[in-house]
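Chemist: Dropping the structure in here first, questions after.
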Amino acid sequence: MRLSPLGAALAAAVLLAPPARAATVTSATPVDDPAQYVNPFVGTAPGGVDFGHGGGGGNTFPGASAPLGGIQWSPDTVTRQYGGYAYRDNRISGFSLTHLSGAGCGDFGNVPFMPLTGRPAADPADRYATFSHAAEEASPGGYRVDFDNGIRTEISATQRSGIARVSFPAEEGRPAGLTVDAARAWNKATGTVAVGERTLSGSTASGGFCGTSVRYRLYFHAVFDQPFAHSEPLDGQPSGAYVSFAPGTRTVTVRVGISFVSEDAARRNAQDEQGSRSFDEVRRDARRVWNDWLGRITVAGGTEARRRMFYTALYHSLLHPGAFSDTDGQYRGMDGLVHRTRPGHVQYANFSGWDVYRSQIQLLTLLAPREASDVAQSILEQGRQAGYFDRWTLANGGTRVMVGDPLPAMAASVHAFGGTGFEALELLRTAVAGRRDERQRPGHTPYDTLGYIPAGTKGVWGSAATTLEYAAADGALAHLAGRLGESGLQAELTHAAGNWRTLLHSGSRYLQPRRADGTWPDFKPTQRKEYVEGNAAQYTWMVPHDLPALFTAMGGAEAVTARLDTFFTEFNAGADLPYAYLGNEPSFHTPWAYDYAGRPDRAQETVRRILTGLFGDGPDGLVGNDDLGAMSSWAVWASLGMYPEVPGSSQLALASPLFPVAVIRRGNGVNITVVAPGASDTNHRVRDVRLNGLPTDPRWLPDTFPATGGVLLFRLSDE
């Protein structure tokens with residue numbers, strides 16, 4: 001008999017576990033339908049305090065999307081929430097085709113469709129339907145809601161298209177119909193809608209993410225299974241349409257394709273991806289695809305609530321970035337021109353760089369190195385076409401939102417975790433050239449000459465934070481240069497990665513803002529000035545690529561441990577207190593810093609308390625913006641008991657697994673088995689760690705581990 005990877009893991013766990021723990025391993029039940037544990041509503045209600053950085057919730061959406069999908073067909077509530085859907089509101093105003101999961105600013109929400117009986121209300125503000133959550137259901141690749149008016153809407157999606165089935169009640173004199181509005185989006189939009197016998201097609205132009213000038217044009221093409229009995233412009237404008245169907249119509253199915261190239265491409269995308277499959281077939285296939293992706297990590301044991309938390313976090317980690325090229329490979333580039341991908345590859349878009357370079361891109365590469373390689377190639381193509389690497393790109397435009405130089409760091413991490421199917425050397429050279437471009441690195445001149453960006457530098461948000469982000473990016477590129485054999489560049493970048501030292505005040509031992517003449521302005525650890533969405537106490541740990549040197553400069557391991565203990569007095573304190581702020585990205589790596597101070601036991605305890613205290617399985621299960629999977633990816637890594645601490649490197653810092661068994665299938669033939677007999681919410685103390693049967697360092701794994709895989713055994717202790 002040939003065992004499955006999970007079966008082999010369970011067998012190995014029984015052999016390796018102490019007798020007292022073996023029973024807990026053999027009783028662990030593997031998850032064979034992980035989609036059943038996903039709750040897409042997680043993050044649609046505030047789970048924490050709003051500290052002014054996008055709200056105290058995840059800002060997620062519950063609608064239908066494929067893994068790395070280009071379309072996210074989801075309901076929009078009257079109450080605005082950056083993901084489009086506020087759980088506390090019982091009024092849906094439409095089902096728009098595009099959404100961002102977890103962003104701290106609004107955009108997309110393009111081209112809402114809204115089914116109705118009778119004519120639309122005269123006042124657009126009254127065009128909504130009420131519902132109850134008891135009459136609503138969401139799962140990976142599918143969404144359904146029954147309005148109080150008797151209309152049922154069901155939605156599913158492929159990577160570039162969606163399908164909806166709308167069921168109408170029988171109402172005399174009120175025909176079944178719907179509206180589509182190309183001039184409605186999260187931000188101001190203009191558009192046109194053309195009405196055919198049973199088609200609606202057109203385009204919309206919108207943008208303005210985070211108040212920026214970024215713009216994009218989205219094309220759509222919708223085909224209905226029944227002809228229209230009546231149509232007219234919505235509100236008398238060509239940007240929208242109202243259509244109705246023949247009397248007695250009870251069910252209507254519509255297929256919608258989208259594209260950023262043309263209406264015809266949108267039509268082809270839906271045809272190529274759906275063909276003649278029925279709604280039920282598309283929905284069933286969408287769930288199958290999601291189970292393939294979610295099943296790349298199979299866990300056994302743990303409570304049902306923890307499995308829901310875990311698989312929902314994994315689901316949210318795999319929504320973005322989204323497919324941007326059409327089925328024929330064409331896409332609109334950052335230069336506004338139409339380009340074509342290499343055959344068999346995909347151009348991706350929507351890179352929340354400052355957020356996802358820390359742990360989301362590493363998780364994606366761990367599970368899907370081929371797709372992650374295309375993400376890295378997409379980053380390179382964006383840089384080529386725009387002439388620089390932006391920090392937060394939306395569709396085919398740069399927003400210059402946030403700070404640092406995260407997109408090259410993302411690509412470096414993809415390469416580190418085995419996603420090598422892209423032009424890595426070209427990316428490295430382009431990124432190094434961009435270090436001297438003010439668009440890519442505002443304030444680069446003093447950074448390159450002084451080693452830091454002086455306080456108050458014009459055009460720079462947070463001189464201290466930006467200096468530290470540049471240093472971390474340089475460290476990531478140095479790792480990439482080393483793997484590519486570029487020793488000269490590696491030495492240059494490694495030197496630049498040490499620029500954090502220029503901000504270290506020898507008296508306070510904080511990383512502080514500094515003037516151009518080298519003097520130090522007045523300072524306090526809780527100050528936010530010259531930092532970004534955080535304070536000095538939080539950013540002093542922002543040297544993930546060089547923690548041993550930082551800790552030496554801070555006075556050694558004992559002093560650092562004491563400071564970390566104080567720092568973790570609170571886990572989500574916001575930016576005004578000198579404690580951790582795990583509802584935002586700058587604190588993500590800090591719990592694992594204990595490992596580099598020689599205290600893996602404190603890492604194990606702190607990570608577990610954060611994981612079980614800040615992440616849940618209900619609508620309020622996130623305490624901060626999910627930021628296109630950034631926060632959710634942290635929860636996935638923490639549940640596995642490991643974390644990619646060093647950008648651009650494959651080194652994984654260790655804590656303690658949440659589940660007794662987890663099997664990771666990397667998609668390239670490499671499997672990783674994590675065994676922790678007896679693991680639970682409260683049982684997290686590690687006695688020792690073994691890799692393939694041999695003792696290994698309990699603080700971090702060899703850099704070769706993600707590439708080679710193997711069996712990682714955590715032997716736990718009650719003390």
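Following the order of the structure tokens, first chain is A, next is B, and so on, with residues numbered from 1 inside each chain and ligands from 1 in the order they appear.
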Just want the 8 Å neighbourhood of region 587-596 of chain A, counted on only C-alpha atoms, with same-chain residues fewer than 3 positions away dropped. Output as a PyMOL selection string.
Modeler: chain A and resi 358+538-539+541-542+544+547-548+561+564+580-582+584+599-600+602-603+606-607+634+643+645+653-655+699-700
Chemist: Leaving out region 378-386 of chain A and any residue of its chain fewer than 5 positions from it, which residues lie within 6 Å of it when counting only C-alpha atoms, given as a ChimeraX atom specification?
Modeler: /A:334-335,347-348,427
Chemist: Neighbours of Ala189 (chain A) within 8 Å (only C-alpha atoms; same-chain residues fewer than 3 positions away dropped), as a list in words?
Modeler: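 Within the cut-off, the hits are Ala182, Ala183, Arg184, Ala185, Thr204, Ala205, Ser206 and Gly207 of chain A.
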Chemist: Which residues come within 12 Å of Lys529 (chain A), counting only C-alpha atoms, excluding same-chain residues fewer than 5 positions away, as a PyMOL selection string?
Modeler: chain A and resi 455-456+460-465+512-514+521-524+534-536+539+575-576
Chemist: Using only C-alpha atoms, which of the listed residues (A:Val670, A:Val49, A:Val31, A:Ile155) sits closest to Arg284 (chain A)?
Modeler: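 Nearest to Arg284 (chain A): A:Ile155.
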Chemist: Pick out the residues sitting within 12 Å of Ala121 (chain A), and hand them over as a ChimeraX atom specification; count only C-alpha atoms, and ignore anything fewer than 3 positions along from it in its own chain.
Modeler: /A:93,114,116-118,124-129,178-179,234-235,242
Chemist: Please give the complete set of residues from region 317-450 of chain A that DSSP, run on the backbone, assigns to strand (DSSP E or B), formatted as a PDB file with N, CA and C atoms, in the first residue's frame.
Modeler:
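Output contents, as saved in part_34.pdb:
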```pdb
ATOM      1  N   GLY A 322      -3.455  39.580  -8.758  1.00  0.00           N
ATOM      2  CA  GLY A 322      -4.440  39.013  -9.654  1.00  0.00           C
ATOM      3  C   GLY A 322      -3.945  38.911 -11.078  1.00  0.00           C
ATOM      4  N   ALA A 323      -4.463  37.914 -11.798  1.00  0.00           N
ATOM      5  CA  ALA A 323      -4.128  37.762 -13.217  1.00  0.00           C
ATOM      6  C   ALA A 323      -4.546  39.024 -13.967  1.00  0.00           C
ATOM      7  N   GLN A 330      -2.160  38.822 -23.802  1.00  0.00           N
ATOM      8  CA  GLN A 330      -2.064  40.272 -23.953  1.00  0.00           C
ATOM      9  C   GLN A 330      -2.428  40.986 -22.652  1.00  0.00           C
ATOM     10  N   TYR A 331      -1.775  42.106 -22.403  1.00  0.00           N
ATOM     11  CA  TYR A 331      -2.098  42.937 -21.250  1.00  0.00           C
ATOM     12  C   TYR A 331      -1.642  44.357 -21.535  1.00  0.00           C
ATOM     13  N   ARG A 332      -2.230  45.298 -20.807  1.00  0.00           N
ATOM     14  CA  ARG A 332      -1.830  46.697 -20.965  1.00  0.00           C
ATOM     15  C   ARG A 332      -0.743  47.003 -19.944  1.00  0.00           C
ATOM     16  N   VAL A 338      -0.037  47.885 -25.270  1.00  0.00           N
ATOM     17  CA  VAL A 338      -0.425  46.487 -25.130  1.00  0.00           C
ATOM     18  C   VAL A 338       0.801  45.606 -25.346  1.00  0.00           C
ATOM     19  N   HIS A 339       1.053  44.719 -24.416  1.00  0.00           N
ATOM     20  CA  HIS A 339       2.186  43.789 -24.469  1.00  0.00           C
ATOM     21  C   HIS A 339       1.645  42.360 -24.442  1.00  0.00           C
ATOM     22  N   ARG A 340       2.530  41.408 -24.621  1.00  0.00           N
ATOM     23  CA  ARG A 340       2.144  40.005 -24.570  1.00  0.00           C
ATOM     24  C   ARG A 340       3.149  39.242 -23.722  1.00  0.00           C
ATOM     25  N   TYR A 348       0.822  39.470 -13.770  1.00  0.00           N
ATOM     26  CA  TYR A 348       0.015  39.748 -12.582  1.00  0.00           C
ATOM     27  C   TYR A 348       0.066  41.227 -12.240  1.00  0.00           C
ATOM     28  N   ALA A 349      -0.906  41.678 -11.458  1.00  0.00           N
ATOM     29  CA  ALA A 349      -0.991  43.090 -11.094  1.00  0.00           C
ATOM     30  C   ALA A 349      -1.543  43.219  -9.678  1.00  0.00           C
ATOM     31  N   PHE A 351       0.109  45.029  -6.666  1.00  0.00           N
ATOM     32  CA  PHE A 351       1.162  44.670  -5.724  1.00  0.00           C
ATOM     33  C   PHE A 351       1.169  45.650  -4.559  1.00  0.00           C
ATOM     34  N   SER A 352       0.709  45.185  -3.425  1.00  0.00           N
ATOM     35  CA  SER A 352       0.729  45.988  -2.205  1.00  0.00           C
ATOM     36  C   SER A 352       2.099  45.825  -1.556  1.00  0.00           C
ATOM     37  N   TRP A 392       3.574  50.536  -4.739  1.00  0.00           N
ATOM     38  CA  TRP A 392       2.204  49.980  -4.646  1.00  0.00           C
ATOM     39  C   TRP A 392       1.581  50.195  -6.022  1.00  0.00           C
ATOM     40  N   THR A 393       1.487  49.127  -6.820  1.00  0.00           N
ATOM     41  CA  THR A 393       0.968  49.268  -8.174  1.00  0.00           C
ATOM     42  C   THR A 393      -0.452  48.738  -8.253  1.00  0.00           C
ATOM     43  N   LEU A 394      -1.300  49.459  -8.974  1.00  0.00           N
ATOM     44  CA  LEU A 394      -2.701  49.095  -9.160  1.00  0.00           C
ATOM     45  C   LEU A 394      -2.977  49.005 -10.653  1.00  0.00           C
ATOM     46  N   GLY A 397      -0.758  50.930 -13.312  1.00  0.00           N
ATOM     47  CA  GLY A 397      -0.248  52.228 -12.901  1.00  0.00           C
ATOM     48  C   GLY A 397       0.436  52.169 -11.550  1.00  0.00           C
ATOM     49  N   GLY A 398       1.381  53.071 -11.356  1.00  0.00           N
ATOM     50  CA  GLY A 398       2.063  53.193 -10.072  1.00  0.00           C
ATOM     51  C   GLY A 398       1.392  54.257  -9.221  1.00  0.00           C
TER      52      GLY A 398
END
```
Chemist: Tell me, in Å to one decimal, how far CA of Ala553 (chain A) is from CA of Trp520 (chain A).
Modeler: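 Value for the CA of Ala553 (chain A)-CA of Trp520 (chain A) distance: 18.0 Å.
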Chemist: Point out the residue among A:Asp718, A:Asp225, A:Glu273, A:Asp326 with the least atom-to-atom distance to Ser161 (chain A), counting only C-alpha atoms.
Modeler: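 Once distances to Ser161 (chain A) are computed over only C-alpha atoms, the minimum belongs to A:Glu273.
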Chemist: Write out as an MDAnalysis selection string the residues lying within 7 Å of Val256 (chain A), counting only C-alpha atoms and excluding same-chain residues fewer than 6 positions away.
Modeler: chainID A and resid 161:163 220:223 270
Chemist: Find the residue from A:Tyr357, A:Val689, A:Gly55, A:Ser656 that sits nearest to Pro586 (chain A); use only C-alpha atoms when measuring.
Modeler: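 Among the listed residues, the smallest separation from Pro586 (chain A) belongs to A:Tyr357.
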Chemist: Between CA of Ser639 (chain A) and CA of Pro657 (chain A), what is the distance, to one decimal in Å?
Modeler: 5.4 Å
Chemist: Please indicate the distance in Å from CA of Arg91 (chain A) to CA of Phe41 (chain A), rounded to one decimal place.
Modeler: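 We find that CA of Arg91 (chain A) and CA of Phe41 (chain A) lie 15.6 Å from each other.
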Chemist: Which residue out of A:Thr298, A:Ser132, A:Asn396, A:Thr312 has the minimum interatomic distance to Ser259 (chain A) when only C-alpha atoms are used?
Modeler: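 Of A:Thr298, A:Ser132, A:Asn396, A:Thr312, the one nearest Ser259 (chain A) is A:Asn396, counting only C-alpha atoms.
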